[in-house]
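The structure file run31.txt is reproduced below (compact mmCIF, C-alpha atoms).
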# COMPACT_ATOMS: atom_id res chain seq x y z
CA MET A 283 -20.85 -24.64 17.11
CA LEU A 284 -19.50 -21.15 17.77
CA ALA A 285 -16.28 -20.52 19.70
CA ARG A 286 -15.57 -17.14 21.27
CA ALA A 287 -12.17 -15.72 20.35
CA ASP A 288 -11.40 -15.00 24.02
CA ASP A 289 -12.36 -18.48 25.21
CA PRO A 290 -9.27 -19.82 27.07
CA ASN A 291 -9.94 -23.24 25.58
CA PHE A 292 -9.66 -21.69 22.13
CA SER A 293 -6.92 -19.02 22.37
CA GLY A 294 -4.15 -18.50 24.90
CA PRO A 295 -1.68 -21.01 26.37
CA MET A 296 -4.32 -23.72 26.81
CA GLY A 297 -6.01 -23.03 23.48
CA PHE A 298 -5.60 -24.72 20.12
CA THR A 299 -5.08 -21.81 17.73
CA HIS A 300 -1.70 -23.35 16.91
CA PHE A 301 -3.60 -26.30 15.39
CA LEU A 302 -5.43 -23.86 13.11
CA ALA A 303 -2.18 -22.12 12.14
CA SER A 304 -0.60 -25.48 11.37
CA LEU A 305 -3.58 -26.50 9.23
CA ARG A 306 -3.39 -23.20 7.32
CA GLY A 307 0.32 -23.83 6.67
CA THR A 308 -0.25 -27.35 5.35
CA GLU A 309 -3.12 -26.12 3.16
CA ASP A 310 -0.81 -23.52 1.63
CA ALA A 311 1.86 -26.15 0.97
CA LEU A 312 -0.72 -28.47 -0.58
CA ILE A 313 -2.12 -25.82 -2.93
CA ASP A 314 1.42 -25.00 -4.12
CA GLN A 315 2.09 -28.68 -4.81
CA LEU A 316 -1.22 -29.02 -6.68
CA GLY A 317 -0.28 -25.93 -8.69
CA GLU A 318 3.10 -27.40 -9.62
CA MET A 319 1.42 -30.63 -10.70
CA THR A 320 -1.40 -29.04 -12.72
CA LEU A 321 0.81 -26.49 -14.43
CA SER A 322 3.34 -29.18 -15.35
CA TYR A 323 0.68 -31.45 -16.83
CA LEU A 324 -1.03 -28.72 -18.83
CA GLY A 325 2.36 -27.52 -20.07
CA LEU A 326 3.29 -31.03 -21.10
CA ILE A 327 0.08 -31.57 -23.00
CA ALA A 328 0.42 -28.15 -24.67
CA LEU A 329 3.94 -29.11 -25.83
CA ALA A 330 2.64 -32.43 -27.15
CA VAL A 331 -0.30 -31.07 -29.13
CA ALA A 332 1.86 -28.25 -30.50
CA GLY A 333 3.98 -30.94 -32.14
CA CYS A 334 7.05 -30.02 -30.12
CA PHE A 335 8.09 -33.61 -29.43
CA GLU A 336 7.99 -34.48 -33.14
CA THR A 337 10.79 -31.97 -33.78
CA ALA A 338 12.84 -33.51 -30.92
CA GLY A 339 14.70 -30.23 -30.35
CA ILE A 340 16.84 -29.86 -27.25
CA GLY A 341 14.60 -27.08 -25.85
CA CYS A 342 11.55 -29.26 -26.27
CA ILE A 343 13.21 -32.23 -24.58
CA VAL A 344 14.34 -30.08 -21.63
CA ALA A 345 10.87 -28.51 -21.29
CA GLY A 346 9.22 -31.93 -21.52
CA ALA A 347 11.56 -33.46 -18.95
CA LEU A 348 10.98 -30.54 -16.57
CA ALA A 349 7.22 -30.87 -16.99
CA ILE A 350 7.30 -34.62 -16.33
CA ALA A 351 9.51 -34.10 -13.27
CA GLY A 352 7.20 -31.35 -11.99
CA LEU A 353 4.11 -33.47 -12.56
CA PHE A 354 5.42 -36.45 -10.63
CA HIS A 355 7.15 -34.39 -7.92
CA GLY A 356 4.01 -32.29 -7.36
CA GLY A 357 1.68 -35.30 -7.49
CA ILE A 358 3.66 -37.51 -5.15
CA SER A 359 4.46 -34.73 -2.67
CA ALA A 360 0.81 -33.56 -2.66
CA PHE A 361 -0.32 -37.14 -2.01
CA LEU A 362 2.15 -37.51 0.87
CA THR A 363 1.27 -34.06 2.26
CA ILE A 364 -2.40 -35.03 2.40
CA LEU A 365 -1.67 -38.33 4.14
CA PHE A 366 0.92 -37.15 6.66
CA ARG A 367 0.22 -33.44 7.22
CA VAL A 368 -3.23 -32.30 6.10
CA LEU A 369 -5.29 -35.17 7.48
CA PRO A 370 -3.57 -35.24 10.93
CA ASP A 371 -3.96 -31.45 11.18
CA VAL A 372 -7.63 -31.62 10.21
CA PHE A 373 -8.27 -34.32 12.79
CA ASP A 374 -6.44 -32.28 15.48
CA VAL A 375 -8.66 -29.28 14.76
CA VAL A 376 -11.83 -31.40 14.67
CA ASP A 377 -10.91 -33.03 18.01
CA ALA A 378 -10.11 -29.63 19.54
CA PHE A 379 -13.47 -28.18 18.49
CA HIS A 380 -15.18 -31.29 19.80
CA PHE A 381 -13.41 -30.81 23.14
CA LEU A 382 -14.48 -27.16 23.19
CA ASP A 383 -18.04 -28.14 22.41
CA LEU A 384 -18.10 -30.54 25.35
CA HIS A 385 -16.58 -28.11 27.84
CA CYS A 386 -18.22 -24.84 26.78
CA PRO A 387 -21.88 -25.59 26.18
CA MET B 143 5.58 -51.48 -29.25
CA LEU B 144 5.04 -48.15 -27.49
CA GLN B 145 7.26 -46.29 -29.96
CA MET B 146 5.04 -47.17 -32.86
CA LYS B 147 2.65 -44.72 -34.45
CA VAL B 148 -1.03 -45.46 -34.48
CA ARG B 149 -3.79 -43.85 -36.48
CA VAL B 150 -6.52 -42.14 -34.49
CA ASN B 151 -9.50 -40.24 -35.78
CA ARG B 152 -10.35 -36.66 -35.00
CA SER B 153 -12.45 -37.52 -31.96
CA PHE B 154 -9.24 -38.49 -30.09
CA PHE B 155 -8.20 -34.84 -30.15
CA TYR B 156 -11.65 -33.68 -29.10
CA ILE B 157 -11.37 -36.05 -26.13
CA LEU B 158 -7.90 -34.72 -25.32
CA SER B 159 -9.22 -31.18 -25.55
CA GLY B 160 -12.13 -32.06 -23.25
CA LEU B 161 -9.75 -33.67 -20.76
CA VAL B 162 -7.61 -30.54 -20.59
CA LEU B 163 -10.63 -28.26 -20.14
CA TRP B 164 -12.10 -30.56 -17.50
CA ILE B 165 -8.84 -30.52 -15.50
CA ALA B 166 -8.61 -26.74 -15.79
CA ALA B 167 -12.26 -26.30 -14.80
CA GLY B 168 -11.57 -28.24 -11.60
CA ALA B 169 -8.20 -26.72 -10.72
CA VAL B 170 -8.39 -23.03 -11.71
CA PRO B 171 -11.24 -22.04 -9.31
CA VAL B 172 -9.35 -23.72 -6.43
CA PHE B 173 -6.19 -21.73 -7.20
CA LEU B 174 -8.10 -18.47 -7.42
CA VAL B 175 -10.02 -19.12 -4.18
CA PHE B 176 -6.72 -19.75 -2.39
CA ASP B 177 -5.13 -16.60 -3.89
CA ARG B 178 -2.76 -18.48 -6.18
CA VAL B 179 -3.36 -16.09 -9.05
CA PHE B 180 -0.23 -17.13 -10.98
CA TYR B 181 -1.16 -20.82 -10.97
CA GLY B 182 -4.78 -19.99 -11.81
CA VAL B 183 -4.07 -17.68 -14.72
CA ALA B 184 -1.19 -19.75 -16.11
CA SER B 185 -3.24 -22.96 -15.90
CA ALA B 186 -6.18 -21.31 -17.66
CA LEU B 187 -3.94 -19.97 -20.45
CA LEU B 188 -2.13 -23.28 -20.94
CA ALA B 189 -5.39 -25.23 -20.95
CA ALA B 190 -7.00 -22.89 -23.47
CA THR B 191 -3.89 -23.05 -25.69
CA ALA B 192 -3.70 -26.84 -25.51
CA ALA B 193 -7.43 -27.30 -26.11
CA VAL B 194 -7.50 -24.98 -29.14
CA LEU B 195 -4.27 -26.39 -30.61
CA SER B 196 -5.46 -29.94 -30.10
CA VAL B 197 -8.52 -29.36 -32.27
CA ALA B 198 -7.10 -26.78 -34.70
CA ARG B 199 -3.92 -28.68 -35.60
CA HIS B 200 -5.64 -31.97 -36.30
CA ARG B 201 -8.43 -31.25 -38.74
CA SER B 202 -7.92 -34.24 -40.99
CA PRO B 203 -10.25 -37.20 -40.34
CA SER B 204 -7.36 -39.34 -39.07
CA THR B 205 -3.86 -38.63 -37.79
CA ASP B 206 -0.87 -40.72 -36.75
CA VAL B 207 0.19 -40.26 -33.13
CA VAL B 208 3.12 -41.75 -31.22
CA LEU B 209 1.74 -44.36 -28.84
CA LEU B 210 4.39 -43.70 -26.16
CA THR B 211 3.63 -39.96 -25.93
CA SER B 212 -0.12 -40.52 -25.92
CA VAL B 213 0.03 -43.18 -23.20
CA ALA B 214 2.34 -40.96 -21.11
CA LEU B 215 -0.14 -38.07 -21.35
CA LEU B 216 -3.00 -40.29 -20.23
CA ILE B 217 -0.99 -41.69 -17.30
CA GLY B 218 -0.10 -38.10 -16.39
CA ALA B 219 -3.80 -37.28 -16.21
CA LEU B 220 -4.32 -40.19 -13.80
CA VAL B 221 -1.55 -38.80 -11.54
CA LEU B 222 -3.73 -35.70 -11.17
CA THR B 223 -6.48 -37.79 -9.61
CA LEU B 224 -4.31 -39.09 -6.73
CA PRO B 225 -4.34 -36.04 -4.38
CA PRO B 226 -8.09 -35.25 -4.65
CA LEU B 227 -8.90 -38.93 -4.24
CA ALA B 228 -6.74 -39.17 -1.09
CA LEU B 229 -8.36 -35.99 0.27
CA GLY B 230 -11.86 -37.28 -0.46
CA VAL B 231 -11.26 -40.68 1.13
CA GLY B 232 -9.45 -39.20 4.14
CA LEU B 233 -12.12 -36.62 4.88
CA ALA B 234 -15.16 -38.71 3.93
CA GLY B 235 -16.49 -38.67 7.49
CA HIS B 236 -15.85 -34.99 8.13
CA TRP B 237 -16.77 -33.06 4.99
CA PRO B 238 -20.26 -32.21 3.76
CA PHE B 239 -21.24 -34.63 1.03
CA GLN B 240 -21.49 -31.77 -1.51
CA TYR B 241 -17.71 -31.26 -1.36
CA LEU B 242 -17.08 -34.98 -1.64
CA ALA B 243 -19.50 -35.27 -4.57
CA LEU B 244 -17.61 -32.48 -6.37
CA ILE B 245 -14.27 -34.21 -5.80
CA LEU B 246 -15.72 -37.52 -6.98
CA LEU B 247 -17.21 -35.86 -10.07
CA TYR B 248 -13.80 -34.34 -10.92
CA VAL B 249 -11.96 -37.64 -10.50
CA VAL B 250 -14.57 -39.73 -12.35
CA GLY B 251 -14.58 -37.17 -15.18
CA ILE B 252 -10.82 -37.53 -15.65
CA PHE B 253 -11.13 -41.33 -15.60
CA LEU B 254 -13.89 -41.23 -18.24
CA PHE B 255 -11.90 -38.95 -20.56
CA VAL B 256 -8.80 -41.12 -20.13
CA ALA B 257 -10.80 -44.29 -20.79
CA ALA B 258 -12.35 -42.78 -23.94
CA ALA B 259 -8.91 -41.73 -25.22
CA ALA B 260 -7.47 -45.17 -24.39
CA ILE B 261 -10.26 -46.83 -26.39
CA GLN B 262 -9.36 -44.66 -29.38
CA LEU B 263 -5.69 -45.62 -29.04
CA ARG B 264 -6.60 -49.29 -28.73
CA ARG B 265 -8.59 -49.10 -31.96
CA GLY B 266 -5.54 -47.56 -33.61
CA VAL B 267 -3.30 -50.36 -32.35
CA ILE B 268 -5.70 -53.05 -33.61
CA GLN B 269 -5.97 -51.34 -36.99
CA ARG B 270 -2.19 -51.09 -37.20
CA ARG B 271 -1.77 -54.78 -36.46
CA ARG B 272 -4.33 -55.68 -39.10
CA GLU B 273 -2.47 -53.59 -41.67
CA GLN B 274 0.72 -55.44 -40.75
CA GLY B 275 -1.06 -58.76 -41.14
CA ASN B 276 -1.10 -59.64 -37.41
CA PRO B 277 -4.72 -59.99 -36.30
Now, as a test, write the supplied structure out as structure tokens.
Amino acid sequence: MLARADDPNFSGPMGFTHFLASLRGTEDALIDQLGEMTLSYLGLIALAVAGCFETAGIGCIVAGALAIAGLFHGGISAFLTILFRVLPDVFDVVDAFHFLDLHCP
Amino acid sequence: MLQMKVRVNRSFFYILSGLVLWIAAGAVPVFLVFDRVFYGVASALLAATAAVLSVARHRSPSTDVVLLTSVALLIGALVLTLPPLALGVGLAGHWPFQYLALILLYVVGIFLFVAAAAIQLRRGVIQRRREQGNP
């Protein structure tokens, strides 16, 4: 389905472009959380295979703790973002396009 | 029990290296597509470093590893599967199946690498118990 940019059901006071903006915002937040999680995990595994934990130095312990915290914070927040922000926003946009499809054949 | 060291053979580190590369292969393109250049480049560098170190530092046929650290790394890899799995399940009825198949492939790949590494660790634990006289 194609929607014209000047369609009043799409843009303007009665439109749903705010749904699209909201979805873009949640996508950005999600990608940042996934980045935090992935970077933390790869950093942690790099520390481990480099033998950092065997030395048990204070720098290694701090880096490891930060990586673990980042991994779990990023993972849990990304999971919650998907459930409570991304999915509702996607469904809003899908419903809005469905409405447009029905009313603007 | 988790603080004990177990002996694993070289393939454990190849599996670990493969796991890291698999995760990076799934994540880096997503970061670059969404203009997260820092995350993309840093993830690629860290993954390459970890993968090379993993193989290069453990050339002997068998090495002792700390069970706690190894288990924590494998659990960490499973945490990475949670968001894509939630996205795939939540959007199953709305996304083209090609996207869902890619997500599933990524998640199943991580599970397979983790399972293979866990089997290696389990062998090490059994061998350790035998050496201590506890079958």
Exercise. Might you pull out every residue within 10 Å of A:Leu316, with all atoms listed in the file counted and same-chain residues fewer than 6 positions away left off, and present them as a PyMOL selection string?
Key: (chain A and resi 310+322+353+356-361) or (chain B and resi 169+172-173+181+222+225-226)
Quiz prompt | Å distance separating atom CA of B:Thr223 from atom CA of A:Gly341, one decimal place | solution = 28.7 Å
Do you have, as JSON lines, the list of residues of chain B lying at most 7 Å from chain A, each with its nearest atom pair and that distance in Å to one decimal, counting all atoms listed in the file and ordered by chain then number?
{"residue": "B:Tyr181", "atom": "CA", "partner": "A:Gly317", "partner_atom": "CA", "distance": 5.7}
{"residue": "B:Ser185", "atom": "CA", "partner": "A:Leu321", "partner_atom": "CA", "distance": 5.6}
{"residue": "B:Leu188", "atom": "CA", "partner": "A:Leu324", "partner_atom": "CA", "distance": 5.9}
{"residue": "B:Ala189", "atom": "CA", "partner": "A:Leu324", "partner_atom": "CA", "distance": 6.0}
{"residue": "B:Thr191", "atom": "CA", "partner": "A:Ala328", "partner_atom": "CA", "distance": 6.8}
{"residue": "B:Ala192", "atom": "CA", "partner": "A:Ala328", "partner_atom": "CA", "distance": 4.4}
{"residue": "B:Leu195", "atom": "CA", "partner": "A:Val331", "partner_atom": "CA", "distance": 6.3}
{"residue": "B:Ser196", "atom": "CA", "partner": "A:Val331", "partner_atom": "CA", "distance": 5.4}
{"residue": "B:Leu215", "atom": "CA", "partner": "A:Ile327", "partner_atom": "CA", "distance": 6.7}
{"residue": "B:Gly218", "atom": "CA", "partner": "A:Tyr323", "partner_atom": "CA", "distance": 6.7}
{"residue": "B:Val221", "atom": "CA", "partner": "A:Gly357", "partner_atom": "CA", "distance": 6.3}
{"residue": "B:Leu222", "atom": "CA", "partner": "A:Gly357", "partner_atom": "CA", "distance": 6.6}
{"residue": "B:Leu224", "atom": "CA", "partner": "A:Phe361", "partner_atom": "CA", "distance": 6.5}
{"residue": "B:Pro225", "atom": "CA", "partner": "A:Phe361", "partner_atom": "CA", "distance": 4.8}
{"residue": "B:Ala228", "atom": "CA", "partner": "A:Phe361", "partner_atom": "CA", "distance": 6.8}
{"residue": "B:Leu229", "atom": "CA", "partner": "A:Ile364", "partner_atom": "CA", "distance": 6.4}
{"residue": "B:Gly232", "atom": "CA", "partner": "A:Leu369", "partner_atom": "CA", "distance": 6.7}
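Our summary of the geometry notes that atom CA of B:Tyr156 is positioned 14.1 Å from atom CA of B:Val207.
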Practice problem: Pick out the closest residue to B:Ala243 from this set: B:Gly168, B:Gly160, B:Gly230, B:Gly275. Count all atoms listed in the file. | Solution: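 Smallest separation from B:Ala243 among the options: B:Gly230.
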Self-check item: From B:Val170, B:Val213, B:Ala198, B:Val175, residue lying nearest B:Arg152 [all atoms listed in the file]
Solution: B:Ala198
Enclosing box along x, y and z for every listed atom of stretch 369-387 of chain A, padded 8 Å each side, centre and size in Å, one decimal, as lines of an AutoDock Vina configuration file:
center_x = -12.7
center_y = -30.0
center_z = 17.7
size_x = 34.3
size_y = 26.4
size_z = 36.4
Quiz item: Could you work out how far atom CA of A:Ser304 lies from atom CA of A:Asp371, giving the answer in Å with one decimal?
Solution: 6.9 Å
Regenerate stretch 219-230 of chain B at the level of all heavy atoms and dump it as an mmCIF file, in the frame of the given file.
data_model
loop_
_atom_site.group_PDB
_atom_site.id
_atom_site.type_symbol
_atom_site.label_atom_id
_atom_site.label_comp_id
_atom_site.auth_asym_id
_atom_site.auth_seq_id
_atom_site.Cartn_x
_atom_site.Cartn_y
_atom_site.Cartn_z
ATOM 1 N N ALA B 219 -2.479 -37.737 -16.656
ATOM 2 C CA ALA B 219 -3.800 -37.280 -16.210
ATOM 3 C C ALA B 219 -4.263 -38.083 -14.994
ATOM 4 O O ALA B 219 -4.909 -37.539 -14.089
ATOM 5 C CB ALA B 219 -4.813 -37.422 -17.344
ATOM 6 N N LEU B 220 -3.915 -39.356 -14.952
ATOM 7 C CA LEU B 220 -4.320 -40.190 -13.800
ATOM 8 C C LEU B 220 -3.561 -39.778 -12.539
ATOM 9 O O LEU B 220 -4.091 -39.898 -11.435
ATOM 10 C CB LEU B 220 -4.071 -41.672 -14.103
ATOM 11 C CG LEU B 220 -4.955 -42.254 -15.215
ATOM 12 C CD1 LEU B 220 -4.651 -43.718 -15.432
ATOM 13 C CD2 LEU B 220 -6.430 -42.068 -14.902
ATOM 14 N N VAL B 221 -2.307 -39.294 -12.712
ATOM 15 C CA VAL B 221 -1.550 -38.800 -11.540
ATOM 16 C C VAL B 221 -2.309 -37.648 -10.881
ATOM 17 O O VAL B 221 -2.328 -37.516 -9.655
ATOM 18 C CB VAL B 221 -0.133 -38.342 -11.976
ATOM 19 C CG1 VAL B 221 0.605 -37.677 -10.826
ATOM 20 C CG2 VAL B 221 0.678 -39.535 -12.475
ATOM 21 N N LEU B 222 -2.982 -36.838 -11.714
ATOM 22 C CA LEU B 222 -3.730 -35.700 -11.170
ATOM 23 C C LEU B 222 -4.890 -36.122 -10.281
ATOM 24 O O LEU B 222 -5.390 -35.322 -9.499
ATOM 25 C CB LEU B 222 -4.280 -34.840 -12.318
ATOM 26 C CG LEU B 222 -3.279 -34.095 -13.175
ATOM 27 C CD1 LEU B 222 -3.986 -33.389 -14.316
ATOM 28 C CD2 LEU B 222 -2.521 -33.071 -12.361
ATOM 29 N N THR B 223 -5.337 -37.356 -10.422
ATOM 30 C CA THR B 223 -6.480 -37.790 -9.610
ATOM 31 C C THR B 223 -6.054 -38.258 -8.214
ATOM 32 O O THR B 223 -6.908 -38.387 -7.336
ATOM 33 C CB THR B 223 -7.236 -38.961 -10.280
ATOM 34 O OG1 THR B 223 -6.370 -40.098 -10.344
ATOM 35 C CG2 THR B 223 -7.706 -38.599 -11.671
ATOM 36 N N LEU B 224 -4.758 -38.514 -8.010
ATOM 37 C CA LEU B 224 -4.310 -39.090 -6.730
ATOM 38 C C LEU B 224 -4.576 -38.166 -5.525
ATOM 39 O O LEU B 224 -5.193 -38.596 -4.552
ATOM 40 C CB LEU B 224 -2.826 -39.455 -6.799
ATOM 41 C CG LEU B 224 -2.477 -40.694 -7.620
ATOM 42 C CD1 LEU B 224 -0.978 -40.927 -7.606
ATOM 43 C CD2 LEU B 224 -3.192 -41.921 -7.086
ATOM 44 N N PRO B 225 -4.114 -36.891 -5.559
ATOM 45 C CA PRO B 225 -4.340 -36.040 -4.380
ATOM 46 C C PRO B 225 -5.822 -35.817 -4.044
ATOM 47 O O PRO B 225 -6.212 -35.994 -2.885
ATOM 48 C CB PRO B 225 -3.624 -34.746 -4.733
ATOM 49 C CG PRO B 225 -2.603 -35.140 -5.738
ATOM 50 C CD PRO B 225 -3.238 -36.229 -6.531
ATOM 51 N N PRO B 226 -6.679 -35.449 -5.027
ATOM 52 C CA PRO B 226 -8.090 -35.250 -4.650
ATOM 53 C C PRO B 226 -8.751 -36.517 -4.132
ATOM 54 O O PRO B 226 -9.594 -36.462 -3.228
ATOM 55 C CB PRO B 226 -8.762 -34.754 -5.937
ATOM 56 C CG PRO B 226 -7.794 -34.946 -7.013
ATOM 57 C CD PRO B 226 -6.452 -35.043 -6.424
ATOM 58 N N LEU B 227 -8.325 -37.662 -4.697
ATOM 59 C CA LEU B 227 -8.900 -38.930 -4.240
ATOM 60 C C LEU B 227 -8.501 -39.199 -2.786
ATOM 61 O O LEU B 227 -9.346 -39.589 -1.953
ATOM 62 C CB LEU B 227 -8.390 -40.057 -5.142
ATOM 63 C CG LEU B 227 -9.274 -41.282 -5.318
ATOM 64 C CD1 LEU B 227 -10.664 -40.893 -5.779
ATOM 65 C CD2 LEU B 227 -8.653 -42.239 -6.314
ATOM 66 N N ALA B 228 -7.213 -38.967 -2.468
ATOM 67 C CA ALA B 228 -6.740 -39.170 -1.090
ATOM 68 C C ALA B 228 -7.458 -38.224 -0.129
ATOM 69 O O ALA B 228 -7.852 -38.612 0.979
ATOM 70 C CB ALA B 228 -5.233 -38.945 -1.026
ATOM 71 N N LEU B 229 -7.668 -36.971 -0.570
ATOM 72 C CA LEU B 229 -8.360 -35.990 0.270
ATOM 73 C C LEU B 229 -9.810 -36.418 0.501
ATOM 74 O O LEU B 229 -10.321 -36.347 1.627
ATOM 75 C CB LEU B 229 -8.320 -34.626 -0.431
ATOM 76 C CG LEU B 229 -8.493 -33.389 0.419
ATOM 77 C CD1 LEU B 229 -7.383 -33.285 1.451
ATOM 78 C CD2 LEU B 229 -8.519 -32.154 -0.455
ATOM 79 N N GLY B 230 -10.455 -36.865 -0.566
ATOM 80 C CA GLY B 230 -11.860 -37.280 -0.460
ATOM 81 C C GLY B 230 -12.031 -38.469 0.463
ATOM 82 O O GLY B 230 -12.917 -38.487 1.322
#
